[in-house]
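Visitor: Here you go, this is my_file.json (JSON, C-alpha atoms).
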```
[["chain", "number", "residue", "atom", "x", "y", "z"],
["A", 1, "MET", "CA", 214.64, 67.97, 114.26],
["A", 2, "LEU", "CA", 213.72, 71.63, 114.29],
["A", 3, "GLY", "CA", 216.68, 73.92, 114.12],
["A", 4, "SER", "CA", 218.76, 71.84, 111.78],
["A", 5, "LEU", "CA", 221.18, 74.39, 110.41],
["A", 6, "ASP", "CA", 221.86, 72.58, 107.19],
["A", 7, "ILE", "CA", 218.40, 73.27, 105.91],
["A", 8, "TYR", "CA", 219.32, 76.92, 105.53],
["A", 9, "ALA", "CA", 222.53, 76.31, 103.70],
["A", 10, "ASP", "CA", 221.06, 76.89, 100.28],
["A", 11, "LYS", "CA", 219.02, 79.88, 101.45],
["A", 12, "ILE", "CA", 221.89, 82.09, 102.40],
["A", 13, "ASN", "CA", 223.34, 82.67, 98.98],
["A", 14, "ILE", "CA", 220.60, 85.02, 97.99],
["A", 15, "GLU", "CA", 221.61, 87.89, 95.87],
["A", 16, "GLN", "CA", 219.84, 91.19, 95.84],
["A", 17, "LYS", "CA", 216.38, 90.04, 95.01],
["A", 18, "TYR", "CA", 214.44, 92.99, 96.33],
["A", 19, "SER", "CA", 212.74, 93.60, 93.05],
["A", 20, "TYR", "CA", 209.80, 91.65, 94.44],
["A", 21, "VAL", "CA", 209.66, 94.05, 97.34],
["A", 22, "MET", "CA", 210.56, 97.25, 95.56],
["A", 23, "GLU", "CA", 207.88, 96.86, 92.93],
["A", 24, "ARG", "CA", 205.34, 96.75, 95.73],
["A", 25, "LEU", "CA", 206.76, 99.83, 97.38],
["A", 26, "VAL", "CA", 206.11, 101.70, 94.18],
["A", 27, "HIS", "CA", 202.59, 100.41, 93.85],
["A", 28, "GLU", "CA", 201.59, 100.85, 97.48],
["A", 29, "ILE", "CA", 200.60, 97.23, 97.88],
["A", 30, "SER", "CA", 201.51, 95.46, 101.06],
["A", 31, "VAL", "CA", 204.18, 92.84, 100.51],
["A", 32, "LEU", "CA", 202.49, 90.72, 103.14],
["A", 33, "ALA", "CA", 199.07, 90.93, 101.50],
["A", 34, "GLU", "CA", 200.43, 89.95, 98.10],
["A", 35, "PHE", "CA", 202.50, 87.13, 99.55],
["A", 36, "ILE", "CA", 199.48, 85.76, 101.41],
["A", 37, "ASP", "CA", 197.23, 86.02, 98.39],
["A", 38, "GLY", "CA", 199.68, 84.10, 96.22],
["A", 39, "PHE", "CA", 200.06, 81.37, 98.82],
["A", 40, "VAL", "CA", 196.39, 81.02, 99.70],
["A", 41, "ARG", "CA", 195.21, 80.85, 96.09],
["A", 42, "ILE", "CA", 197.24, 77.65, 95.81],
["A", 43, "ILE", "CA", 196.55, 75.91, 99.09],
["A", 44, "GLU", "CA", 192.80, 76.62, 99.09],
["A", 45, "LYS", "CA", 192.51, 74.12, 96.23],
["A", 46, "HIS", "CA", 193.88, 71.41, 98.50],
["A", 47, "VAL", "CA", 192.96, 72.11, 102.11],
["A", 48, "LYS", "CA", 190.88, 74.19, 104.50],
["A", 49, "TYR", "CA", 192.98, 76.90, 106.14],
["A", 50, "ILE", "CA", 192.86, 79.88, 108.47],
["A", 51, "ILE", "CA", 195.20, 82.80, 108.96],
["A", 52, "VAL", "CA", 195.67, 83.42, 112.67],
["A", 53, "SER", "CA", 197.29, 85.74, 115.14],
["A", 54, "GLY", "CA", 199.55, 88.69, 114.29],
["A", 55, "PHE", "CA", 198.49, 89.26, 110.71],
["A", 56, "VAL", "CA", 194.84, 89.35, 111.76],
["A", 57, "ALA", "CA", 195.59, 92.50, 113.73],
["A", 58, "ILE", "CA", 197.84, 93.93, 111.02],
["A", 59, "ALA", "CA", 195.13, 93.36, 108.39],
["A", 60, "HIS", "CA", 192.91, 95.55, 110.57],
["A", 61, "GLY", "CA", 195.36, 98.42, 110.56],
["A", 62, "ARG", "CA", 197.54, 97.59, 113.53],
["A", 63, "THR", "CA", 200.99, 99.12, 113.02],
["A", 64, "ARG", "CA", 203.53, 96.64, 114.25],
["A", 65, "GLY", "CA", 206.24, 94.56, 112.74],
["A", 66, "THR", "CA", 206.08, 90.96, 111.69],
["A", 67, "GLU", "CA", 208.06, 88.85, 109.30],
["A", 68, "ASP", "CA", 205.88, 85.77, 109.30],
["A", 69, "ILE", "CA", 202.27, 84.88, 108.81],
["A", 70, "ASP", "CA", 200.72, 81.98, 110.70],
["A", 71, "ILE", "CA", 198.41, 79.58, 108.93],
["A", 72, "ILE", "CA", 196.68, 76.53, 110.38],
["A", 73, "ILE", "CA", 195.52, 73.89, 107.92],
["A", 74, "GLU", "CA", 193.41, 70.79, 108.38],
["A", 75, "LYS", "CA", 195.36, 67.59, 108.76],
["A", 76, "MET", "CA", 195.79, 65.98, 105.37],
["A", 77, "LYS", "CA", 197.09, 62.72, 104.02],
["A", 78, "LYS", "CA", 200.70, 62.63, 102.96],
["A", 79, "GLU", "CA", 199.92, 62.16, 99.29],
["A", 80, "ASP", "CA", 197.56, 65.16, 99.36],
["A", 81, "PHE", "CA", 200.17, 67.28, 101.10],
["A", 82, "ILE", "CA", 202.75, 66.33, 98.49],
["A", 83, "LYS", "CA", 200.41, 67.47, 95.71],
["A", 84, "MET", "CA", 199.92, 70.81, 97.44],
["A", 85, "HIS", "CA", 203.63, 71.21, 98.12],
["A", 86, "ASP", "CA", 204.48, 70.43, 94.50],
["A", 87, "GLU", "CA", 202.09, 73.11, 93.30],
["A", 88, "LEU", "CA", 203.64, 75.62, 95.69],
["A", 89, "ILE", "CA", 207.08, 74.78, 94.31],
["A", 90, "LYS", "CA", 205.85, 75.21, 90.74],
["A", 91, "ASN", "CA", 204.68, 78.67, 91.75],
["A", 92, "ASN", "CA", 208.04, 79.83, 93.02],
["A", 93, "PHE", "CA", 207.60, 79.04, 96.70],
["A", 94, "GLU", "CA", 210.07, 76.93, 98.63],
["A", 95, "CYS", "CA", 210.02, 75.27, 102.01],
["A", 96, "MET", "CA", 212.84, 76.27, 104.35],
["A", 97, "GLN", "CA", 212.85, 72.99, 106.26],
["A", 98, "SER", "CA", 213.50, 70.68, 103.33],
["A", 99, "SER", "CA", 212.93, 70.25, 99.64],
["A", 100, "ASN", "CA", 211.69, 66.72, 100.28],
["A", 101, "PRO", "CA", 207.92, 66.75, 100.91],
["A", 102, "GLU", "CA", 207.99, 63.31, 102.52],
["A", 103, "GLU", "CA", 210.49, 64.59, 105.07],
["A", 104, "ILE", "CA", 208.51, 67.80, 105.61],
["A", 105, "TYR", "CA", 205.39, 65.77, 106.29],
["A", 106, "GLY", "CA", 206.95, 63.05, 108.42],
["A", 107, "SER", "CA", 209.49, 65.03, 110.41],
["A", 108, "TYR", "CA", 207.58, 68.24, 110.93],
["A", 109, "LEU", "CA", 203.86, 68.36, 110.23],
["A", 110, "GLU", "CA", 203.06, 64.98, 111.72],
["A", 111, "ASP", "CA", 205.00, 66.05, 114.81],
["A", 112, "ASN", "CA", 202.82, 69.18, 115.12],
["A", 113, "ALA", "CA", 205.79, 71.35, 114.24],
["A", 114, "SER", "CA", 205.42, 74.22, 111.83],
["A", 115, "ILE", "CA", 207.09, 74.56, 108.46],
["A", 116, "ARG", "CA", 207.97, 77.75, 106.66],
["A", 117, "TYR", "CA", 207.51, 78.69, 103.05],
["A", 118, "ILE", "CA", 209.15, 81.67, 101.42],
["A", 119, "LYS", "CA", 209.26, 83.03, 97.91],
["A", 120, "LYS", "CA", 212.24, 81.48, 96.23],
["A", 121, "ASP", "CA", 215.47, 83.12, 97.41],
["A", 122, "VAL", "CA", 213.73, 85.87, 99.40],
["A", 123, "PHE", "CA", 214.04, 85.58, 103.18],
["A", 124, "PHE", "CA", 210.91, 87.48, 104.14],
["A", 125, "PRO", "CA", 207.97, 87.30, 104.48],
["A", 126, "GLN", "CA", 207.65, 83.73, 105.69],
["A", 127, "MET", "CA", 204.51, 81.63, 105.89],
["A", 128, "GLU", "CA", 204.42, 79.41, 108.97],
["A", 129, "VAL", "CA", 202.18, 76.45, 108.31],
["A", 130, "LYS", "CA", 201.00, 73.90, 110.84],
["A", 131, "PHE", "CA", 198.36, 71.23, 111.12],
["A", 132, "ALA", "CA", 195.29, 71.69, 113.29],
["A", 133, "LYS", "CA", 196.13, 69.62, 116.32],
["A", 134, "ASP", "CA", 193.20, 69.61, 118.72],
["A", 135, "ALA", "CA", 189.53, 70.46, 119.19],
["A", 136, "LEU", "CA", 190.35, 74.14, 119.56],
["A", 137, "ASP", "CA", 192.10, 74.29, 116.20],
["A", 138, "LYS", "CA", 189.24, 72.36, 114.60],
["A", 139, "TYR", "CA", 186.81, 74.86, 116.11],
["A", 140, "GLN", "CA", 188.89, 77.70, 114.69],
["A", 141, "LEU", "CA", 188.69, 76.16, 111.25],
["A", 142, "LYS", "CA", 184.97, 75.50, 111.59],
["A", 143, "THR", "CA", 184.25, 79.11, 112.56],
["A", 144, "ARG", "CA", 186.63, 80.70, 110.07],
["A", 145, "LYS", "CA", 185.55, 83.92, 108.41],
["A", 146, "LYS", "CA", 186.35, 86.33, 105.67],
["A", 147, "LEU", "CA", 186.62, 89.74, 107.28],
["A", 148, "PRO", "CA", 185.39, 92.51, 104.97],
["A", 149, "MET", "CA", 187.16, 95.26, 106.88],
["A", 150, "THR", "CA", 190.49, 93.82, 105.71],
["A", 151, "LYS", "CA", 189.48, 93.89, 102.03],
["A", 152, "LEU", "CA", 191.39, 90.62, 101.69],
["A", 153, "ASP", "CA", 189.82, 87.56, 100.08],
["A", 154, "VAL", "CA", 191.18, 85.08, 102.60],
["A", 155, "TYR", "CA", 189.85, 83.19, 105.60],
["A", 156, "PHE", "CA", 190.80, 84.23, 109.12],
["A", 157, "SER", "CA", 190.09, 82.72, 112.48],
["A", 158, "SER", "CA", 187.35, 84.79, 114.08],
["A", 159, "ILE", "CA", 188.05, 88.08, 115.80],
["A", 160, "GLU", "CA", 186.74, 86.60, 119.05],
["A", 161, "MET", "CA", 189.14, 83.67, 118.70],
["A", 162, "ASN", "CA", 192.12, 85.93, 118.17],
["A", 163, "ILE", "CA", 191.24, 88.18, 121.08],
["A", 164, "ALA", "CA", 190.73, 85.17, 123.37],
["A", 165, "PHE", "CA", 194.09, 83.62, 122.45],
["A", 166, "LYS", "CA", 195.96, 86.85, 122.92],
["A", 167, "GLU", "CA", 194.34, 87.72, 126.23],
["A", 168, "GLU", "CA", 194.19, 84.27, 127.76],
["A", 169, "LEU", "CA", 197.19, 82.36, 126.42],
["A", 170, "LEU", "CA", 199.82, 84.48, 124.72],
["A", 171, "LYS", "CA", 199.72, 87.64, 126.85],
["A", 172, "SER", "CA", 202.90, 89.35, 125.61],
["A", 173, "ASP", "CA", 202.81, 93.14, 125.29],
["A", 174, "LYS", "CA", 202.49, 92.74, 121.55],
["A", 175, "ASP", "CA", 199.60, 90.28, 121.87],
["A", 176, "LEU", "CA", 197.70, 92.36, 124.41],
["A", 177, "GLU", "CA", 198.10, 95.40, 122.18],
["A", 178, "ASP", "CA", 196.81, 93.40, 119.21],
["A", 179, "ALA", "CA", 193.76, 92.41, 121.26],
["A", 180, "LYS", "CA", 193.20, 95.99, 122.38],
["A", 181, "HIS", "CA", 193.41, 97.21, 118.78],
["A", 182, "LEU", "CA", 190.87, 94.63, 117.60],
["A", 183, "ARG", "CA", 188.54, 95.45, 120.48],
["A", 184, "ILE", "CA", 188.56, 99.14, 119.55],
["A", 185, "VAL", "CA", 188.16, 98.54, 115.83],
["A", 186, "TYR", "CA", 185.23, 96.13, 116.22],
["A", 187, "GLY", "CA", 183.70, 97.81, 119.27],
["A", 188, "LYS", "CA", 180.21, 96.54, 120.11],
["A", 189, "ASP", "CA", 180.27, 93.99, 117.30],
["A", 190, "ILE", "CA", 182.49, 91.75, 119.41],
["A", 191, "ASP", "CA", 180.72, 88.77, 120.98],
["A", 192, "GLU", "CA", 181.97, 88.72, 124.59],
["A", 193, "THR", "CA", 180.08, 85.52, 125.36],
["A", 194, "GLU", "CA", 181.93, 83.78, 122.55],
["A", 195, "ILE", "CA", 185.27, 85.15, 123.79],
["A", 196, "ASN", "CA", 184.57, 83.80, 127.27],
["A", 197, "GLU", "CA", 183.63, 80.38, 125.90],
["A", 198, "ILE", "CA", 186.82, 80.24, 123.86],
["A", 199, "LYS", "CA", 188.87, 81.25, 126.89],
["A", 200, "LYS", "CA", 187.35, 78.32, 128.78],
["A", 201, "MET", "CA", 188.39, 76.00, 125.95],
["A", 202, "ILE", "CA", 191.90, 77.45, 126.00],
["A", 203, "ARG", "CA", 192.20, 76.86, 129.74],
["A", 204, "ARG", "CA", 190.97, 73.31, 129.35],
["A", 205, "LEU", "CA", 192.86, 72.31, 126.21],
["A", 206, "ARG", "CA", 196.04, 74.38, 126.29],
["A", 207, "LEU", "CA", 196.56, 75.24, 129.95],
["A", 208, "ASN", "CA", 195.45, 71.91, 131.41],
["A", 209, "ASP", "CA", 192.95, 73.56, 133.70],
["A", 210, "LYS", "CA", 190.96, 70.66, 135.22],
["A", 211, "ARG", "CA", 188.24, 72.82, 136.72],
["B", 1, "MET", "CA", 199.85, 94.86, 131.09],
["B", 2, "ILE", "CA", 200.27, 97.36, 128.25],
["B", 3, "ARG", "CA", 203.73, 98.97, 128.20],
["B", 4, "ASP", "CA", 203.32, 102.60, 129.24],
["B", 5, "LYS", "CA", 200.81, 105.41, 129.20],
["B", 6, "THR", "CA", 201.88, 107.20, 126.04],
["B", 7, "HIS", "CA", 202.32, 103.94, 124.16],
["B", 8, "ASN", "CA", 198.88, 102.90, 125.30],
["B", 9, "GLU", "CA", 197.45, 106.22, 124.15],
["B", 10, "HIS", "CA", 199.04, 105.77, 120.75],
["B", 11, "ILE", "CA", 197.49, 102.30, 120.38],
["B", 12, "GLU", "CA", 194.06, 103.72, 121.23],
["B", 13, "LYS", "CA", 194.35, 106.77, 118.99],
["B", 14, "TRP", "CA", 195.48, 104.79, 115.98],
["B", 15, "ALA", "CA", 192.84, 102.08, 116.47],
["B", 16, "ASN", "CA", 190.15, 104.77, 116.69],
["B", 17, "PHE", "CA", 191.53, 106.39, 113.54],
["B", 18, "VAL", "CA", 191.25, 103.03, 111.75],
["B", 19, "LYS", "CA", 187.74, 102.53, 113.11],
["B", 20, "THR", "CA", 186.44, 105.95, 112.08],
["B", 21, "ASN", "CA", 188.14, 106.46, 108.73],
["B", 22, "PRO", "CA", 187.86, 104.70, 105.38],
["B", 23, "HIS", "CA", 190.32, 102.01, 104.40],
["B", 24, "SER", "CA", 191.96, 104.40, 101.96],
["B", 25, "ALA", "CA", 192.89, 106.78, 104.79],
["B", 26, "TRP", "CA", 195.04, 104.34, 106.72],
["B", 27, "GLN", "CA", 195.95, 101.46, 104.40],
["B", 28, "PRO", "CA", 198.63, 103.33, 102.37],
["B", 29, "GLN", "CA", 200.37, 104.44, 105.57],
["B", 30, "LEU", "CA", 200.30, 100.91, 106.89],
["B", 31, "ASN", "CA", 201.56, 99.48, 103.60],
["B", 32, "ARG", "CA", 204.54, 101.82, 103.58],
["B", 33, "PHE", "CA", 205.37, 100.73, 107.12],
["B", 34, "ILE", "CA", 205.07, 97.01, 106.35],
["B", 35, "ASN", "CA", 206.93, 97.19, 103.06],
["B", 36, "ALA", "CA", 209.79, 99.17, 104.54],
["B", 37, "GLN", "CA", 210.12, 96.69, 107.38],
["B", 38, "ILE", "CA", 210.27, 93.69, 105.05],
["B", 39, "GLU", "CA", 212.62, 95.50, 102.68],
["B", 40, "ASN", "CA", 214.99, 96.35, 105.53],
["B", 41, "ALA", "CA", 214.97, 92.78, 106.82],
["B", 42, "ASN", "CA", 215.73, 91.37, 103.39],
["B", 43, "ARG", "CA", 218.45, 93.95, 102.80],
["B", 44, "PHE", "CA", 220.03, 93.13, 106.15],
["B", 45, "TYR", "CA", 220.05, 89.38, 105.55],
["B", 46, "SER", "CA", 221.25, 89.79, 102.01],
["B", 47, "GLU", "CA", 224.19, 91.89, 103.16],
["B", 48, "LEU", "CA", 224.99, 89.32, 105.84],
["B", 49, "SER", "CA", 224.91, 86.51, 103.31],
["B", 50, "LYS", "CA", 227.82, 88.03, 101.37],
["B", 51, "THR", "CA", 230.45, 86.75, 103.80],
["B", 52, "GLU", "CA", 231.10, 83.38, 105.41],
["B", 53, "GLU", "CA", 230.89, 84.95, 108.86],
["B", 54, "GLY", "CA", 227.60, 86.55, 107.95],
["B", 55, "ARG", "CA", 226.22, 83.29, 106.67],
["B", 56, "GLU", "CA", 227.09, 81.67, 109.98],
["B", 57, "LYS", "CA", 225.24, 84.45, 111.76],
["B", 58, "ILE", "CA", 222.19, 83.85, 109.58],
["B", 59, "LYS", "CA", 222.24, 80.18, 110.50],
["B", 60, "LYS", "CA", 222.26, 81.13, 114.16],
["B", 61, "LEU", "CA", 219.48, 83.68, 113.72],
["B", 62, "MET", "CA", 217.33, 81.18, 111.88],
["B", 63, "ALA", "CA", 218.02, 78.55, 114.51],
["B", 64, "LEU", "CA", 216.82, 81.04, 117.12],
["B", 65, "LYS", "CA", 213.58, 81.45, 115.23],
["B", 66, "ASP", "CA", 213.20, 77.68, 115.09],
["B", 67, "ALA", "CA", 213.88, 77.35, 118.78],
["B", 68, "LYS", "CA", 211.31, 80.00, 119.58],
["B", 69, "GLN", "CA", 208.80, 78.29, 117.33],
["B", 70, "ASN", "CA", 209.56, 74.91, 118.87],
["B", 71, "ALA", "CA", 209.05, 76.29, 122.36],
["B", 72, "GLY", "CA", 205.71, 77.73, 121.42],
["B", 73, "LYS", "CA", 204.43, 74.89, 119.28],
["B", 74, "ASN", "CA", 202.09, 73.62, 121.96],
["B", 75, "GLN", "CA", 200.31, 76.94, 121.91],
["B", 76, "GLY", "CA", 199.10, 76.61, 118.38],
["B", 77, "ASN", "CA", 197.79, 80.07, 117.71],
["B", 78, "LYS", "CA", 200.60, 82.58, 118.14],
["B", 79, "GLY", "CA", 202.30, 85.36, 116.36]]
```
Written as structure tokens, that's how I'd like the structure from this file.
Guide:
Amino acid sequence: MLGSLDIYADKINIEQKYSYVMERLVHEISVLAEFIDGFVRIIEKHVKYIIVSGFVAIAHGRTRGTEDIDIIIEKMKKEDFIKMHDELIKNNFECMQSSNPEEIYGSYLEDNASIRYIKKDVFFPQMEVKFAKDALDKYQLKTRKKLPMTKLDVYFSSIEMNIAFKEELLKSDKDLEDAKHLRIVYGKDIDETEINEIKKMIRRLRLNDKR
Amino acid sequence: MIRDKTHNEHIEKWANFVKTNPHSAWQPQLNRFINAQIENANRFYSELSKTEEGREKIKKLMALKDAKQNAGKNQGNKG
């Protein structure tokens, strides 16, 4: 299912369409921030969402590369997803997996696989979208926050949630550095008790720890 | 484990700079970094897409991304 090469066939004939990027270079606006804002302003009318992981650190000043932004959305009915997808398409987004929303829903989202949206004919950035799949994701959505330090009008999973995931589950160099950056930036405002509780949930729900 | 001592020091210094300075002091630098990265990636893929061989390479690169995503899909929060 995932990895079907044909789905990219119509994405590889892009011509030089950097104007989207270059305009932002001139105006000193982050391409990622503008891309996210455009996407979120549409989906927030249809579904509850959170931005998670790498971009949370980047939005707090972390200097590291990324080409995709991860978003978790509440599970939604197929007909509601199709309405949201159609509005994204009308606003110059396209889904890399398929142009058929029924297929996107049935073959990807319902299978807990992520889908990617891009601006039409521009490879990057990419928005990786997936359904909330368990109690931990539902908790992330329930405790979502706007984070004033980012100056972005979007919802993120909490700082504690991101630190816990990166330190307890993901653990790559990049993830541990993200966590370290967030810990320094937020300092004493971080709720260590909450981080420890989330880490327990991660061990139970994602690492099958039976203790 | 964080990579090495000097890299670790850089992470700490930059994070402290972000913590102790206004948004306007660090955001433009970060934006230039992010925008250049995205621009370079798009330029690279666009150049590749001009030939049949390049388009095949793009398919393989995108399939790699999918495979990575598929492998990590049980983790949920990643990035």
Visitor: Need to verify the contact set: segment 27-41 of chain B, 6 Å, all atoms listed in the file, exclusion of same-chain residues closer than 3 positions in sequence. Can you return it as a ChimeraX atom specification?
Guide: /A:30-31 /B:23-24,44
Visitor: Quick one: distance from atom CA of Glu79 of chain A to atom CA of Ser157 of chain A in Å, one decimal?
Guide: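 Going from atom CA of Glu79 of chain A over to atom CA of Ser157 of chain A, I get 26.3 Å.
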Visitor: Which residue gives the smallest distance to chain B among A:Thr143, A:Thr150, A:Ser107, A:Asn91, with all atoms listed in the file counted?
Guide: A:Thr150
Visitor: If you count all atoms listed in the file, which residues fall within 12 Å of segment 34-41 of chain A, apart from same-chain ones fewer than 5 positions away, as a PyMOL selection string?
Guide: (chain A and resi 20-21+23-25+27-29+46-51+55-56+59+67-73+84-85+87-94+116-120+122+124-129+151-156) or (chain B and resi 31+34-35+38)
Visitor: Just the number, please: distance in Å from atom CA of Ile163 of chain A to atom CA of Ala179 of chain A, one decimal.
Guide: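 About the pair atom CA of Ile163 of chain A and atom CA of Ala179 of chain A: they are 4.9 Å apart.
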Visitor: Can you measure atom CA of Gln140 of chain A to atom CA of Ser158 of chain A for me? One decimal in Å is fine.
Guide: 7.3 Å
Visitor: Using only C-alpha atoms, find the one residue out of A:Ala33, A:Asp111, A:Asp137, A:Phe123 that sits nearest to Ser49 of chain B.
Guide: A:Phe123
Visitor: Between A:Lys200, A:His181, A:Lys174, A:Lys138, which residue has the minimum interatomic distance to chain B, considering only C-alpha atoms?
Guide: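 Nearest to chain B: A:His181.
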Visitor: Which one is closest to Lys133 of chain A: A:Glu192, A:Glu160, A:Asp121, A:Glu110? Count only C-alpha atoms.
Guide: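 Of all the options, A:Glu110 lies closest to Lys133 of chain A.
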Visitor: Ranking A:Ala113, A:Leu32, A:Tyr139, A:Tyr105 by minimum distance to Ile58 of chain A and counting only C-alpha atoms, which one comes first?
Guide: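 Counting only C-alpha atoms, the residue closest to Ile58 of chain A is A:Leu32.
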Visitor: So, with all atoms listed in the file as the atoms that count, which of A:Gly106, A:Pro101, A:Pro148, A:Gly61 lies closest to Val185 of chain A?
Guide: A:Gly61
Visitor: Since fewer atoms than expected are present, regenerate all heavy atoms for segment 49-56 of chain B and write them as an mmCIF file, in the frame of the given file.
Guide:
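Now in out-v3.cif:
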```cif
data_model
loop_
_atom_site.group_PDB
_atom_site.id
_atom_site.type_symbol
_atom_site.label_atom_id
_atom_site.label_comp_id
_atom_site.auth_asym_id
_atom_site.auth_seq_id
_atom_site.Cartn_x
_atom_site.Cartn_y
_atom_site.Cartn_z
ATOM 1 N N SER B 49 224.629 87.746 104.047
ATOM 2 C CA SER B 49 224.910 86.510 103.310
ATOM 3 C C SER B 49 226.123 86.625 102.396
ATOM 4 O O SER B 49 226.568 85.630 101.824
ATOM 5 C CB SER B 49 223.675 86.110 102.488
ATOM 6 O OG SER B 49 223.511 86.972 101.389
ATOM 7 N N LYS B 50 226.694 87.843 102.288
ATOM 8 C CA LYS B 50 227.820 88.030 101.370
ATOM 9 C C LYS B 50 229.140 87.497 101.925
ATOM 10 O O LYS B 50 230.094 87.344 101.189
ATOM 11 C CB LYS B 50 227.963 89.516 101.024
ATOM 12 C CG LYS B 50 226.840 90.015 100.121
ATOM 13 C CD LYS B 50 226.973 91.510 99.854
ATOM 14 C CE LYS B 50 225.848 91.976 98.944
ATOM 15 N NZ LYS B 50 225.871 93.442 98.776
ATOM 16 N N THR B 51 229.203 87.259 103.216
ATOM 17 C CA THR B 51 230.450 86.750 103.800
ATOM 18 C C THR B 51 230.181 85.436 104.537
ATOM 19 O O THR B 51 229.046 85.176 104.972
ATOM 20 C CB THR B 51 231.043 87.750 104.812
ATOM 21 O OG1 THR B 51 230.164 87.845 105.934
ATOM 22 C CG2 THR B 51 231.246 89.110 104.183
ATOM 23 N N GLU B 52 231.236 84.656 104.690
ATOM 24 C CA GLU B 52 231.100 83.380 105.410
ATOM 25 C C GLU B 52 230.663 83.619 106.852
ATOM 26 O O GLU B 52 229.793 82.917 107.385
ATOM 27 C CB GLU B 52 232.430 82.620 105.373
ATOM 28 C CG GLU B 52 232.366 81.237 105.993
ATOM 29 C CD GLU B 52 231.342 80.318 105.332
ATOM 30 O OE1 GLU B 52 231.178 80.380 104.103
ATOM 31 O OE2 GLU B 52 230.680 79.578 106.082
ATOM 32 N N GLU B 53 231.264 84.630 107.481
ATOM 33 C CA GLU B 53 230.890 84.950 108.860
ATOM 34 C C GLU B 53 229.419 85.354 108.949
ATOM 35 O O GLU B 53 228.695 84.960 109.860
ATOM 36 C CB GLU B 53 231.773 86.100 109.373
ATOM 37 C CG GLU B 53 231.532 86.425 110.833
ATOM 38 C CD GLU B 53 232.361 87.633 111.288
ATOM 39 O OE1 GLU B 53 233.055 88.248 110.450
ATOM 40 O OE2 GLU B 53 232.284 87.960 112.482
ATOM 41 N N GLY B 54 229.000 86.129 107.979
ATOM 42 C CA GLY B 54 227.600 86.550 107.950
ATOM 43 C C GLY B 54 226.670 85.379 107.758
ATOM 44 O O GLY B 54 225.605 85.307 108.378
ATOM 45 N N ARG B 55 227.067 84.460 106.908
ATOM 46 C CA ARG B 55 226.220 83.290 106.670
ATOM 47 C C ARG B 55 226.090 82.443 107.936
ATOM 48 O O ARG B 55 225.036 81.894 108.217
ATOM 49 C CB ARG B 55 226.764 82.461 105.498
ATOM 50 C CG ARG B 55 226.584 83.160 104.146
ATOM 51 C CD ARG B 55 226.857 82.229 102.976
ATOM 52 N NE ARG B 55 228.276 81.972 102.777
ATOM 53 C CZ ARG B 55 229.081 82.763 102.053
ATOM 54 N NH1 ARG B 55 228.616 83.846 101.467
ATOM 55 N NH2 ARG B 55 230.363 82.457 101.902
ATOM 56 N N GLU B 56 227.167 82.393 108.696
ATOM 57 C CA GLU B 56 227.090 81.670 109.980
ATOM 58 C C GLU B 56 226.124 82.373 110.929
ATOM 59 O O GLU B 56 225.372 81.732 111.664
ATOM 60 C CB GLU B 56 228.488 81.592 110.616
ATOM 61 C CG GLU B 56 229.429 80.610 109.938
ATOM 62 C CD GLU B 56 228.865 79.189 109.923
ATOM 63 O OE1 GLU B 56 228.377 78.739 110.970
ATOM 64 O OE2 GLU B 56 228.898 78.556 108.852
#
```
